[in-house]
Structures are given as C-alpha cells and as structure tokens.
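Report on the structure given below.
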Protein chains: 2
Amino acid sequence: MELLKERIRRDGCVKEGNVLKVDSFLNHQMDVALLDEIGKEFFRRFGGEGVNKLLTIEASGIGIAVMAARHFDNAPVVFAKKTKSKNLDGELYTTKVKSFTKGVEYDVQVAKRFLAPTDRVLILDDFLAKGQALLGLIDIVSQSGAQLVGCGIVIEKGFQDGGALLRSKGVRLESLAIVDKMDCNGIVFREA
Amino acid sequence: MELLKERIRRDGCVKEGNVLKVDSFLNHQMDVALLDEIGKEFFRRFGGEGVNKLLTIEASGIGIAVMAARHFDNAPVVFAKKTKSKNLDGELYTTKVKSFTKGVEYDVQVAKRFLAPTDRVLILDDFLAKGQALLGLIDIVSQSGAQLVGCGIVIEKGFQDGGALLRSKGVRLESLAIVDKMDCNGIVFREA
C-alpha cells in the first residue's frame, strides 16, 4: 500500500532494538483518515470472503479494526483482552502470548459468546514481528470453531520470523507494508 | 441519547459490585454502527468548540474516539497508555490513576509531542464512575497547556461521585446516558 509506505518513510522513526516508531500516526496518535484508507485496503483484499467478524487485540489494533469494520458492512469488532477485569467474566477462550515489545508473557482472553462456529473471522493488527500475538488470536479462533479467513497486518517486520512462520502454516496473511530492512540509512520495503 | 439507552436496556446486564456489563456492544465486542451514532452525538454537543484533537485512554476508549474523530473533521486521536512499552519513549506527560474495575493504581502517559498549547482537546471515554481516569487525562491536558474543551462520556454511573466531582470543578461534562440506579429490576436513567 503505497500511501502507507510513504507515510512510514516520512514519519516513521527507526530506533535501537529493531523498533520502528510510528506513534505519530498509528499507535499512540492515530490519523483516522489513514486508518480509513487502511480499512479500505483490507476490504479490497478480503472483501470477497464473507467476513462477518473482525478480531483484534488491545490496544493498538482497536482503532484499525473499528475503521476497517465500516468497510466490512459494519461487522462487529471483538478485541481480545490482555488483563483480567471485573468486566470480563463468564466462559472465556484463553491463550498465552509473549510480547516482544514489552518482554512479558500474558493471558489473552475472549468471551466465548462473541465467537461462534458460524463466524468467518478476519484478524487485524498493527504490527507483525515474531507473530506471537497473531498465533494467540488464531488459537482462540480455532478453539471457538469459527472459520479463520485470514490475517491483515498494517506493518510486517519481514526481517523477523513471524510472517514466514504464519505463511508456512497456511494462514492467509496480508501485510500492507513489509519492512525487509531498516537502519539509520532508511527503510527498505519488500516489493509487492 | 435514546438509541443508546434503549441498547443498554436491551443488551446491558447488571452484575454484582455495581458492574454494568455492556460488553456485547461497547467494550469487548463493539457495534461500530452504534459507535458512529455516538460519535455523531458527541459532535452535536461539542461540534462548535473548535476541537482539533481527541484524547482518550486505552483500551475501550479507542474505538469510540476513532469513530467520533470522523465527525470532527478527522481530528487526530491520541490515546493515553497505561503500561510501559519500548515504543513509548521521549518526553512524556505522566499522571497516576486508580482503576475502579481493576483495583490497581497505574501510570498514565502521553508523549509530549502530541499535545501542544495550541490544541483544543476533547476527552472521550466509555465509562465514568469515580472519575479517576478522567481526572488523570485532565491533568495531562493541563500539564501540556492545551485547552480542555470538555469531556464526552458514553455511560455515566450517576450513583457514583465522579460526575458530580468533575462538574464541581467546572469541567464541561456530557454523558450520553446517565444511570442513576441499577439492580435486578432494571436500569433507571437520569432525565435529560
């Protein structure tokens, strides 16, 4: 997605530890016009698949999924939760996820009521690096018996192994920008 | 907001400990068509105030703020973060917030780059109970020197003291549904 790559080139910032900061438009401050274009692009790629539910994980995935949902005929968005809350009870799907950016392992949970075997689920998230969060969400979809249509990612770090791992499992993975290399000289995107 | 009240009556669920579960449409699964109507209503109330930035707090506020932003001429949405991350560095505004639902105190942070004295900020969130999260966000706006236009809340628990506290401080607070009483017999909303 050219518009996204241009934006990453212009406003993204490469930091030590393989961190690509895009917090001015994607995951701290959010440019909602860009999110809308991102949602439109996900629909272009997955629109023919009968998606009736979008699944993401708090927090940065939520804005992306909500704006995308408008293009998927206002399909409900479910966001998986990372921490226990009084508001989360009843029957839950649970899986363990290791966070690359935060260096901790945590439980990810979705209330069973919100995923059914009749659902056709598209998983959306902002970043893919080692793929742990996506594997967790895929595990939850699998526990529910729902059909996984695929995964839509805004930025994939192609130099880490999450993308290859997921594709080798047969998951339909669509990343709108794949960064193959990044350093102080700039960012190299994979050719589409 | 009648549509919202009807939805709370129909799909909300009162649980022990003053918990109002609205997770089927607001804060776990999200009905984006309803979020869009909520955004429209916030614009009806605050649209004349020159708002150029929406501020919320992860996670449940994000979907609400992103959908609302479309009505505020695609104003950027900034969401305050509750946990440390490698992605959050540079100069930060920090404040302490006590969570009513999770029973913990945590730091809330916003990168200084995303709030400036020239900003006219509308704070949005899903719930108001004791008002701790809102007070934290207001403190951050105040630290930044930006102008606080007001706070828009989807559901205020009118039987807790957050709303009264904020109004007594002169904050313009607009809650789309105020629950004055809730128990096994139903929910009583405050008259507009």
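Residues are referred to by chain and number: the chain letter is A, B, ... according to the order shown in the structure tokens, the number counts from 1 in that chain, and ligands are numbered separately from 1 in the order shown.
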
### Task
Give the residues of chain B that lie within 8 Å of chain A; count only C-alpha atoms, and format the answer as a ChimeraX atom specification.
/B:19,21,23-24,28-33,58-59,62-63,66-67,69-70,74-81,84-87,101-102,114

### Task
For Asp107 in chain A, please output as a VMD selection string all residues within 6 Å (counting only C-alpha atoms; exclusion window: fewer than 6 positions along the same chain).
chain A and resid 82 95 to 96

Output N, CA and C atoms of each residue in that selection to a file, as a short mmCIF file (atom, residue, chain, number, x, y, z; two decimals), in the first residue's frame.
data_model
loop_
_atom_site.label_atom_id
_atom_site.label_comp_id
_atom_site.auth_asym_id
_atom_site.auth_seq_id
_atom_site.Cartn_x
_atom_site.Cartn_y
_atom_site.Cartn_z
N LYS A 82 -6.02 -8.34 27.41
CA LYS A 82 -4.74 -8.84 27.91
C LYS A 82 -4.70 -8.96 29.42
N THR A 95 -5.57 -17.92 25.91
CA THR A 95 -4.33 -18.41 25.34
C THR A 95 -3.18 -17.57 25.88
N LYS A 96 -1.97 -18.08 25.83
CA LYS A 96 -0.81 -17.34 26.35
C LYS A 96 -0.07 -16.69 25.20
#

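The space between CA of Asn52 in chain B and CA of Phe72 in chain B spans 7.6 Å.
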
### Query
Hey, can you check how far CA of Ile138 in chain B sits from CA of Gly90 in chain B?
20.9 Å

### Message
List as a ChimeraX atom specification the protein and nucleic acid residues near Val51 in chain A, meaning an atom at most 10 Å away when only C-alpha atoms are counted, but skip any in the same chain fewer than 5 places from it.
### Response
/A:43,46,69,72-73,75,119-122,147-150

### Query
Can you list, as a PyMOL selection string, every protein, DNA or RNA residue that comes within 8 Å of Gly136 in chain B when you count only C-alpha atoms, leaving out same-chain residues fewer than 2 positions away?
chain B and resi 95-97+108+132-134+138-140

Would you write out those residues with N, CA, C and O atoms, as a PDB file, in the first residue's frame?
ATOM      1  N   THR B  95       0.788  10.807  34.748  1.00  0.00           N
ATOM      2  CA  THR B  95      -0.084  11.043  35.896  1.00  0.00           C
ATOM      3  C   THR B  95      -0.490   9.694  36.476  1.00  0.00           C
ATOM      4  O   THR B  95      -0.376   8.673  35.799  1.00  0.00           O
ATOM      5  N   LYS B  96      -0.915   9.677  37.724  1.00  0.00           N
ATOM      6  CA  LYS B  96      -1.312   8.414  38.362  1.00  0.00           C
ATOM      7  C   LYS B  96      -2.828   8.285  38.362  1.00  0.00           C
ATOM      8  O   LYS B  96      -3.542   9.247  38.644  1.00  0.00           O
ATOM      9  N   VAL B  97      -3.300   7.082  38.054  1.00  0.00           N
ATOM     10  CA  VAL B  97      -4.739   6.834  38.021  1.00  0.00           C
ATOM     11  C   VAL B  97      -5.047   5.545  38.777  1.00  0.00           C
ATOM     12  O   VAL B  97      -4.340   4.555  38.639  1.00  0.00           O
ATOM     13  N   VAL B 108      -0.341   6.730  33.817  1.00  0.00           N
ATOM     14  CA  VAL B 108      -0.929   7.009  32.505  1.00  0.00           C
ATOM     15  C   VAL B 108      -0.005   8.004  31.819  1.00  0.00           C
ATOM     16  O   VAL B 108       0.419   8.986  32.431  1.00  0.00           O
ATOM     17  N   GLN B 132     -11.632   8.752  38.125  1.00  0.00           N
ATOM     18  CA  GLN B 132     -10.172   8.765  38.250  1.00  0.00           C
ATOM     19  C   GLN B 132      -9.466   8.860  36.893  1.00  0.00           C
ATOM     20  O   GLN B 132      -8.517   9.622  36.740  1.00  0.00           O
ATOM     21  N   ALA B 133      -9.929   8.089  35.924  1.00  0.00           N
ATOM     22  CA  ALA B 133      -9.279   8.116  34.610  1.00  0.00           C
ATOM     23  C   ALA B 133      -9.426   9.509  33.988  1.00  0.00           C
ATOM     24  O   ALA B 133      -8.465  10.082  33.464  1.00  0.00           O
ATOM     25  N   LEU B 134     -10.632  10.081  34.084  1.00  0.00           N
ATOM     26  CA  LEU B 134     -10.844  11.425  33.519  1.00  0.00           C
ATOM     27  C   LEU B 134      -9.978  12.465  34.210  1.00  0.00           C
ATOM     28  O   LEU B 134      -9.388  13.327  33.558  1.00  0.00           O
ATOM     29  N   ILE B 138      -7.376  14.848  32.360  1.00  0.00           N
ATOM     30  CA  ILE B 138      -7.476  16.302  32.507  1.00  0.00           C
ATOM     31  C   ILE B 138      -6.155  16.867  33.034  1.00  0.00           C
ATOM     32  O   ILE B 138      -5.687  17.922  32.589  1.00  0.00           O
ATOM     33  N   ASP B 139      -5.534  16.149  33.951  1.00  0.00           N
ATOM     34  CA  ASP B 139      -4.238  16.576  34.473  1.00  0.00           C
ATOM     35  C   ASP B 139      -3.199  16.624  33.352  1.00  0.00           C
ATOM     36  O   ASP B 139      -2.400  17.571  33.271  1.00  0.00           O
ATOM     37  N   ILE B 140      -3.233  15.643  32.471  1.00  0.00           N
ATOM     38  CA  ILE B 140      -2.278  15.617  31.359  1.00  0.00           C
ATOM     39  C   ILE B 140      -2.520  16.794  30.412  1.00  0.00           C
ATOM     40  O   ILE B 140      -1.572  17.454  29.966  1.00  0.00           O
TER      41      ILE B 140
END

### Task
Going by DSSP on the backbone, which bits of chain A are helix (DSSP H, G or I)? Write them as a ChimeraX atom specification, please.
/A:2-11,32-49,60-71,112-114,132-144,162-168

Find the residues near Arg44 in chain B: any atom within 12 Å, counting only C-alpha atoms, skip ones fewer than 3 places away on the same chain, and give them as a PDB file with all heavy atoms, in the first residue's frame.
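Result written to out.pdb:
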ATOM      1  N   MET B   1     -29.241  10.246  25.063  1.00  0.00           N
ATOM      2  CA  MET B   1     -29.264   9.683  23.715  1.00  0.00           C
ATOM      3  C   MET B   1     -30.130   8.419  23.730  1.00  0.00           C
ATOM      4  O   MET B   1     -29.718   7.397  24.280  1.00  0.00           O
ATOM      5  CB  MET B   1     -27.814   9.373  23.279  1.00  0.00           C
ATOM      6  CG  MET B   1     -27.696   8.881  21.855  1.00  0.00           C
ATOM      7  SD  MET B   1     -25.972   8.440  21.485  1.00  0.00           S
ATOM      8  CE  MET B   1     -26.191   7.660  19.869  1.00  0.00           C
ATOM      9  N   GLU B  37     -23.016   6.470  15.619  1.00  0.00           N
ATOM     10  CA  GLU B  37     -24.090   7.335  16.135  1.00  0.00           C
ATOM     11  C   GLU B  37     -23.614   8.085  17.392  1.00  0.00           C
ATOM     12  O   GLU B  37     -23.950   9.257  17.595  1.00  0.00           O
ATOM     13  CB  GLU B  37     -25.345   6.511  16.461  1.00  0.00           C
ATOM     14  CG  GLU B  37     -26.048   5.946  15.243  1.00  0.00           C
ATOM     15  CD  GLU B  37     -26.538   7.026  14.286  1.00  0.00           C
ATOM     16  OE1 GLU B  37     -26.990   8.092  14.761  1.00  0.00           O
ATOM     17  OE2 GLU B  37     -26.456   6.812  13.052  1.00  0.00           O
ATOM     18  N   ILE B  38     -22.854   7.407  18.211  1.00  0.00           N
ATOM     19  CA  ILE B  38     -22.304   8.030  19.422  1.00  0.00           C
ATOM     20  C   ILE B  38     -21.366   9.180  19.031  1.00  0.00           C
ATOM     21  O   ILE B  38     -21.419  10.277  19.603  1.00  0.00           O
ATOM     22  CB  ILE B  38     -21.574   6.957  20.272  1.00  0.00           C
ATOM     23  CG1 ILE B  38     -22.612   6.068  20.975  1.00  0.00           C
ATOM     24  CG2 ILE B  38     -20.615   7.586  21.273  1.00  0.00           C
ATOM     25  CD1 ILE B  38     -22.034   4.823  21.654  1.00  0.00           C
ATOM     26  N   GLY B  39     -20.533   8.932  18.024  1.00  0.00           N
ATOM     27  CA  GLY B  39     -19.626   9.975  17.549  1.00  0.00           C
ATOM     28  C   GLY B  39     -20.386  11.187  17.027  1.00  0.00           C
ATOM     29  O   GLY B  39     -20.016  12.344  17.284  1.00  0.00           O
ATOM     30  N   LYS B  40     -21.467  10.903  16.297  1.00  0.00           N
ATOM     31  CA  LYS B  40     -22.309  11.978  15.750  1.00  0.00           C
ATOM     32  C   LYS B  40     -22.904  12.814  16.885  1.00  0.00           C
ATOM     33  O   LYS B  40     -22.969  14.049  16.808  1.00  0.00           O
ATOM     34  CB  LYS B  40     -23.429  11.311  14.925  1.00  0.00           C
ATOM     35  CG  LYS B  40     -24.080  12.183  13.894  1.00  0.00           C
ATOM     36  CD  LYS B  40     -25.171  11.413  13.126  1.00  0.00           C
ATOM     37  CE  LYS B  40     -24.606  10.383  12.164  1.00  0.00           C
ATOM     38  NZ  LYS B  40     -25.687   9.610  11.463  1.00  0.00           N
ATOM     39  N   GLU B  41     -23.322  12.126  17.946  1.00  0.00           N
ATOM     40  CA  GLU B  41     -23.931  12.828  19.088  1.00  0.00           C
ATOM     41  C   GLU B  41     -22.887  13.677  19.831  1.00  0.00           C
ATOM     42  O   GLU B  41     -23.175  14.816  20.229  1.00  0.00           O
ATOM     43  CB  GLU B  41     -24.580  11.812  20.031  1.00  0.00           C
ATOM     44  CG  GLU B  41     -25.201  12.408  21.292  1.00  0.00           C
ATOM     45  CD  GLU B  41     -26.396  13.328  21.031  1.00  0.00           C
ATOM     46  OE1 GLU B  41     -27.000  13.260  19.940  1.00  0.00           O
ATOM     47  OE2 GLU B  41     -26.723  14.140  21.927  1.00  0.00           O
ATOM     48  N   GLY B  47     -19.463  20.165  18.648  1.00  0.00           N
ATOM     49  CA  GLY B  47     -19.005  20.496  17.299  1.00  0.00           C
ATOM     50  C   GLY B  47     -18.654  21.957  17.094  1.00  0.00           C
ATOM     51  O   GLY B  47     -17.868  22.298  16.217  1.00  0.00           O
ATOM     52  N   GLY B  48     -19.221  22.845  17.894  1.00  0.00           N
ATOM     53  CA  GLY B  48     -18.969  24.263  17.703  1.00  0.00           C
ATOM     54  C   GLY B  48     -17.764  24.784  18.479  1.00  0.00           C
ATOM     55  O   GLY B  48     -17.528  25.998  18.528  1.00  0.00           O
ATOM     56  N   GLU B  49     -16.993  23.889  19.061  1.00  0.00           N
ATOM     57  CA  GLU B  49     -15.951  24.306  20.011  1.00  0.00           C
ATOM     58  C   GLU B  49     -14.539  24.328  19.441  1.00  0.00           C
ATOM     59  O   GLU B  49     -13.572  24.498  20.187  1.00  0.00           O
ATOM     60  CB  GLU B  49     -15.986  23.384  21.239  1.00  0.00           C
ATOM     61  CG  GLU B  49     -17.315  23.366  21.992  1.00  0.00           C
ATOM     62  CD  GLU B  49     -17.594  24.699  22.687  1.00  0.00           C
ATOM     63  OE1 GLU B  49     -16.634  25.456  22.931  1.00  0.00           O
ATOM     64  OE2 GLU B  49     -18.771  24.970  22.968  1.00  0.00           O
ATOM     65  N   ALA B  68     -15.608   8.750  16.525  1.00  0.00           N
ATOM     66  CA  ALA B  68     -16.016  10.143  16.722  1.00  0.00           C
ATOM     67  C   ALA B  68     -15.178  11.093  15.872  1.00  0.00           C
ATOM     68  O   ALA B  68     -15.684  12.083  15.345  1.00  0.00           O
ATOM     69  CB  ALA B  68     -15.911  10.523  18.204  1.00  0.00           C
ATOM     70  N   HIS B  71     -16.323  12.539  12.657  1.00  0.00           N
ATOM     71  CA  HIS B  71     -17.288  13.650  12.690  1.00  0.00           C
ATOM     72  C   HIS B  71     -16.601  14.967  13.027  1.00  0.00           C
ATOM     73  O   HIS B  71     -17.133  16.026  12.726  1.00  0.00           O
ATOM     74  CB  HIS B  71     -18.396  13.332  13.697  1.00  0.00           C
ATOM     75  CG  HIS B  71     -19.160  12.099  13.317  1.00  0.00           C
ATOM     76  ND1 HIS B  71     -20.146  12.122  12.356  1.00  0.00           N
ATOM     77  CD2 HIS B  71     -19.047  10.812  13.714  1.00  0.00           C
ATOM     78  CE1 HIS B  71     -20.622  10.893  12.191  1.00  0.00           C
ATOM     79  NE2 HIS B  71     -19.982  10.085  13.008  1.00  0.00           N
ATOM     80  N   PHE B  72     -15.445  14.895  13.659  1.00  0.00           N
ATOM     81  CA  PHE B  72     -14.688  16.117  13.986  1.00  0.00           C
ATOM     82  C   PHE B  72     -13.628  16.363  12.926  1.00  0.00           C
ATOM     83  O   PHE B  72     -12.465  16.602  13.231  1.00  0.00           O
ATOM     84  CB  PHE B  72     -14.053  15.979  15.375  1.00  0.00           C
ATOM     85  CG  PHE B  72     -15.040  16.087  16.511  1.00  0.00           C
ATOM     86  CD1 PHE B  72     -15.712  14.968  16.985  1.00  0.00           C
ATOM     87  CD2 PHE B  72     -15.315  17.313  17.095  1.00  0.00           C
ATOM     88  CE1 PHE B  72     -16.627  15.059  18.024  1.00  0.00           C
ATOM     89  CE2 PHE B  72     -16.226  17.426  18.141  1.00  0.00           C
ATOM     90  CZ  PHE B  72     -16.885  16.291  18.602  1.00  0.00           C
ATOM     91  N   GLY B 152     -16.520  13.953  26.972  1.00  0.00           N
ATOM     92  CA  GLY B 152     -17.694  13.237  26.491  1.00  0.00           C
ATOM     93  C   GLY B 152     -17.619  11.785  26.939  1.00  0.00           C
ATOM     94  O   GLY B 152     -16.629  11.096  26.704  1.00  0.00           O
ATOM     95  N   GLU B 174     -20.300  15.937  29.286  1.00  0.00           N
ATOM     96  CA  GLU B 174     -21.516  15.500  28.596  1.00  0.00           C
ATOM     97  C   GLU B 174     -21.543  13.980  28.570  1.00  0.00           C
ATOM     98  O   GLU B 174     -20.693  13.345  27.945  1.00  0.00           O
ATOM     99  CB  GLU B 174     -21.521  16.026  27.151  1.00  0.00           C
ATOM    100  CG  GLU B 174     -21.556  17.531  27.017  1.00  0.00           C
ATOM    101  CD  GLU B 174     -22.983  18.084  27.034  1.00  0.00           C
ATOM    102  OE1 GLU B 174     -23.945  17.285  27.011  1.00  0.00           O
ATOM    103  OE2 GLU B 174     -23.109  19.325  27.079  1.00  0.00           O
ATOM    104  N   LEU B 176     -23.743  10.626  27.576  1.00  0.00           N
ATOM    105  CA  LEU B 176     -24.853  10.306  26.668  1.00  0.00           C
ATOM    106  C   LEU B 176     -25.944   9.490  27.342  1.00  0.00           C
ATOM    107  O   LEU B 176     -27.081   9.495  26.913  1.00  0.00           O
ATOM    108  CB  LEU B 176     -24.322   9.591  25.422  1.00  0.00           C
ATOM    109  CG  LEU B 176     -23.213  10.322  24.659  1.00  0.00           C
ATOM    110  CD1 LEU B 176     -22.957   9.647  23.324  1.00  0.00           C
ATOM    111  CD2 LEU B 176     -23.533  11.797  24.456  1.00  0.00           C
TER     112      LEU B 176
END

### Task
Show which residues sit within 7 Å of Asp161 in chain A, as JSON, numbers by chain. Count only C-alpha atoms, and ignore same-chain residues fewer than 4 positions away.
{"A": [129, 130, 165]}
